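Inspection log for the structure reproduced underneath, given as structure tokens.
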Amino acid sequence: MLTTLKTSYTDTRAADLAWALGRDPLPALAVLDLELAGAKLQLRLLGASHQVLLEEEDRNCSETVACMPGSSTPLPLGVSKRVGEWEYEFAARVETLTQGSFAGRAQELLALVADHPHGLAGTFPGSPHAFTAMLAQRHEGQVRWRTWHAYPQEGQLVVTRTQIGARMPATL
């Protein structure tokens, strides 16, 4: 699903993004509710980027990657931790592209997500290449999502990848 977000572009620099687990739902500009093999997943586009809410059986998790005033947790390159009975893994990277490469990559990503049944993308007013996009899936018991946060004025694309699922028993 592709939508135009009716708000000003709040997080205008990749460096302003922060990461948090366990935040309450924030006001969303666009929402996609998904059911992935028993897991309820809500993809949320915020004026300041994204939030994902996951619920399965009696467990839940929320991930927020956004411009959060007062946050002391900048966007990490990677996180691996236990969330209740789940194993949570998060990774982020920043791609710096030329103006021409950026436009092509933006069009490619928006086309991919817009037509995907588990995809949500929103473009911001002012630039056709200012967007946040999200894509979710369930694979081998894991719920996974990827996100892309575009900053055309900087030529930067922030890419995140998350997976969460049951802990695998240790083998000896």
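Each chain of the structure tokens is named A, B, ... in the order shown, its residues numbered from 1; ligands are numbered from 1 in display order.
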Using DSSP secondary structure from the backbone, list all strand (DSSP E or B) positions within chain A, as a ChimeraX atom specification.
/A:2-4,18-21,30-36,39-46,49-56,59-66,74,78-83,86-96,119-123,131-139,142-151,156-166
Write the residues of the selection above to a file with C-alpha atoms, as an mmCIF file, in the first residue's frame.
```cif
data_model
loop_
_atom_site.group_PDB
_atom_site.id
_atom_site.type_symbol
_atom_site.label_atom_id
_atom_site.label_comp_id
_atom_site.auth_asym_id
_atom_site.auth_seq_id
_atom_site.Cartn_x
_atom_site.Cartn_y
_atom_site.Cartn_z
ATOM 1 C CA LEU A 2 1.343 3.412 -0.972
ATOM 2 C CA THR A 3 -0.004 6.608 0.518
ATOM 3 C CA THR A 4 0.885 10.292 0.641
ATOM 4 C CA ALA A 18 16.580 6.869 17.366
ATOM 5 C CA TRP A 19 15.553 3.317 18.267
ATOM 6 C CA ALA A 20 13.393 2.058 21.128
ATOM 7 C CA LEU A 21 11.711 -1.149 22.234
ATOM 8 C CA ALA A 30 -0.934 5.361 8.082
ATOM 9 C CA VAL A 31 -1.450 1.848 9.454
ATOM 10 C CA LEU A 32 -1.446 -1.625 7.927
ATOM 11 C CA ASP A 33 -2.819 -4.486 10.049
ATOM 12 C CA LEU A 34 -1.521 -7.931 9.128
ATOM 13 C CA GLU A 35 -2.161 -11.485 10.294
ATOM 14 C CA LEU A 36 0.886 -13.660 9.640
ATOM 15 C CA ALA A 39 0.890 -13.295 14.669
ATOM 16 C CA LYS A 40 -0.851 -9.925 14.586
ATOM 17 C CA LEU A 41 1.427 -7.278 13.190
ATOM 18 C CA GLN A 42 0.679 -3.595 12.829
ATOM 19 C CA LEU A 43 2.940 -1.526 10.587
ATOM 20 C CA ARG A 44 2.657 2.165 11.490
ATOM 21 C CA LEU A 45 4.019 5.174 9.621
ATOM 22 C CA LEU A 46 4.646 8.130 11.893
ATOM 23 C CA SER A 49 9.302 7.504 10.809
ATOM 24 C CA HIS A 50 7.971 4.054 11.884
ATOM 25 C CA GLN A 51 6.622 1.838 14.611
ATOM 26 C CA VAL A 52 5.826 -1.888 14.523
ATOM 27 C CA LEU A 53 3.508 -3.560 17.015
ATOM 28 C CA LEU A 54 3.599 -7.358 17.253
ATOM 29 C CA GLU A 55 1.235 -9.569 19.230
ATOM 30 C CA GLU A 56 1.230 -13.349 19.310
ATOM 31 C CA ARG A 59 3.257 -11.935 24.073
ATOM 32 C CA ASN A 60 3.821 -8.541 22.494
ATOM 33 C CA CYS A 61 6.619 -6.286 21.339
ATOM 34 C CA SER A 62 6.846 -2.791 19.926
ATOM 35 C CA GLU A 63 9.733 -1.349 17.941
ATOM 36 C CA THR A 64 10.036 2.349 17.211
ATOM 37 C CA VAL A 65 12.565 3.921 14.874
ATOM 38 C CA ALA A 66 11.871 7.625 14.750
ATOM 39 C CA PRO A 74 20.564 6.653 18.876
ATOM 40 C CA GLY A 78 22.754 -3.910 15.690
ATOM 41 C CA VAL A 79 20.844 -5.221 18.692
ATOM 42 C CA SER A 80 20.287 -8.782 19.826
ATOM 43 C CA LYS A 81 18.288 -9.325 22.987
ATOM 44 C CA ARG A 82 15.622 -11.321 24.675
ATOM 45 C CA VAL A 83 12.109 -9.893 24.744
ATOM 46 C CA TRP A 86 11.372 -14.188 22.069
ATOM 47 C CA GLU A 87 14.763 -13.551 20.551
ATOM 48 C CA TYR A 88 14.851 -10.088 18.957
ATOM 49 C CA GLU A 89 17.436 -9.020 16.387
ATOM 50 C CA PHE A 90 17.709 -5.578 14.814
ATOM 51 C CA ALA A 91 20.230 -4.234 12.327
ATOM 52 C CA ALA A 92 20.543 -0.840 10.647
ATOM 53 C CA ARG A 93 22.783 0.706 8.041
ATOM 54 C CA VAL A 94 22.964 4.018 6.211
ATOM 55 C CA GLU A 95 23.496 4.043 2.443
ATOM 56 C CA THR A 96 24.824 7.261 0.895
ATOM 57 C CA GLY A 119 3.967 -3.617 2.463
ATOM 58 C CA LEU A 120 3.247 -0.059 3.560
ATOM 59 C CA ALA A 121 4.926 3.051 2.192
ATOM 60 C CA GLY A 122 4.257 6.731 2.649
ATOM 61 C CA THR A 123 5.714 9.644 0.749
ATOM 62 C CA PHE A 131 9.474 8.370 2.108
ATOM 63 C CA THR A 132 9.294 5.678 4.739
ATOM 64 C CA ALA A 133 8.550 2.131 3.575
ATOM 65 C CA MET A 134 7.994 -1.132 5.444
ATOM 66 C CA LEU A 135 7.692 -4.752 4.358
ATOM 67 C CA ALA A 136 6.847 -7.727 6.630
ATOM 68 C CA GLN A 137 6.874 -11.504 6.346
ATOM 69 C CA ARG A 138 6.804 -14.669 8.406
ATOM 70 C CA HIS A 139 9.476 -17.246 7.699
ATOM 71 C CA GLN A 142 10.176 -15.837 12.726
ATOM 72 C CA VAL A 143 8.344 -12.577 12.071
ATOM 73 C CA ARG A 144 10.559 -10.288 10.011
ATOM 74 C CA TRP A 145 10.310 -6.762 8.711
ATOM 75 C CA ARG A 146 12.486 -4.400 6.754
ATOM 76 C CA THR A 147 12.204 -0.646 6.610
ATOM 77 C CA TRP A 148 13.618 2.114 4.452
ATOM 78 C CA HIS A 149 13.780 5.766 5.517
ATOM 79 C CA ALA A 150 14.724 8.127 2.696
ATOM 80 C CA TYR A 151 16.512 11.455 3.120
ATOM 81 C CA GLN A 156 20.931 8.932 2.484
ATOM 82 C CA LEU A 157 18.776 5.863 2.859
ATOM 83 C CA VAL A 158 18.482 4.268 6.304
ATOM 84 C CA VAL A 159 17.760 0.549 5.981
ATOM 85 C CA THR A 160 16.669 -1.571 8.950
ATOM 86 C CA ARG A 161 16.072 -5.282 9.316
ATOM 87 C CA THR A 162 14.336 -6.936 12.271
ATOM 88 C CA GLN A 163 13.468 -10.485 13.139
ATOM 89 C CA ILE A 164 11.780 -11.822 16.226
ATOM 90 C CA GLY A 165 10.679 -15.277 17.203
ATOM 91 C CA ALA A 166 10.829 -18.142 19.650
#
```
Which distance in Å separates atom CA of A:Val113 and atom CA of A:Ser127, to one decimal?
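Atom CA of A:Ser127 lies at a distance of 18.0 Å from atom CA of A:Val113.
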Could you give me, as a PyMOL selection string, the residues within 9 Å of A:Pro128, counting only C-alpha atoms and dropping anything in the same chain fewer than 2 positions from it?
chain A and resi 103+106-107+123-126+130-131
Out of A:Pro117, A:Ala37, A:His129, A:Leu75, which residue has the shortest atom-to-atom distance to A:Arg105 when counting only C-alpha atoms?
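Of all the options, A:His129 lies closest to A:Arg105.
Computed from the coordinates, the atom CA of A:Pro152 to atom CA of A:Thr98 distance equals 9.6 Å.
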What is the distance, in Å and to one decimal place, between atom CA of A:Gly155 and atom CA of A:Arg23?
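A separation of 29.4 Å between them.
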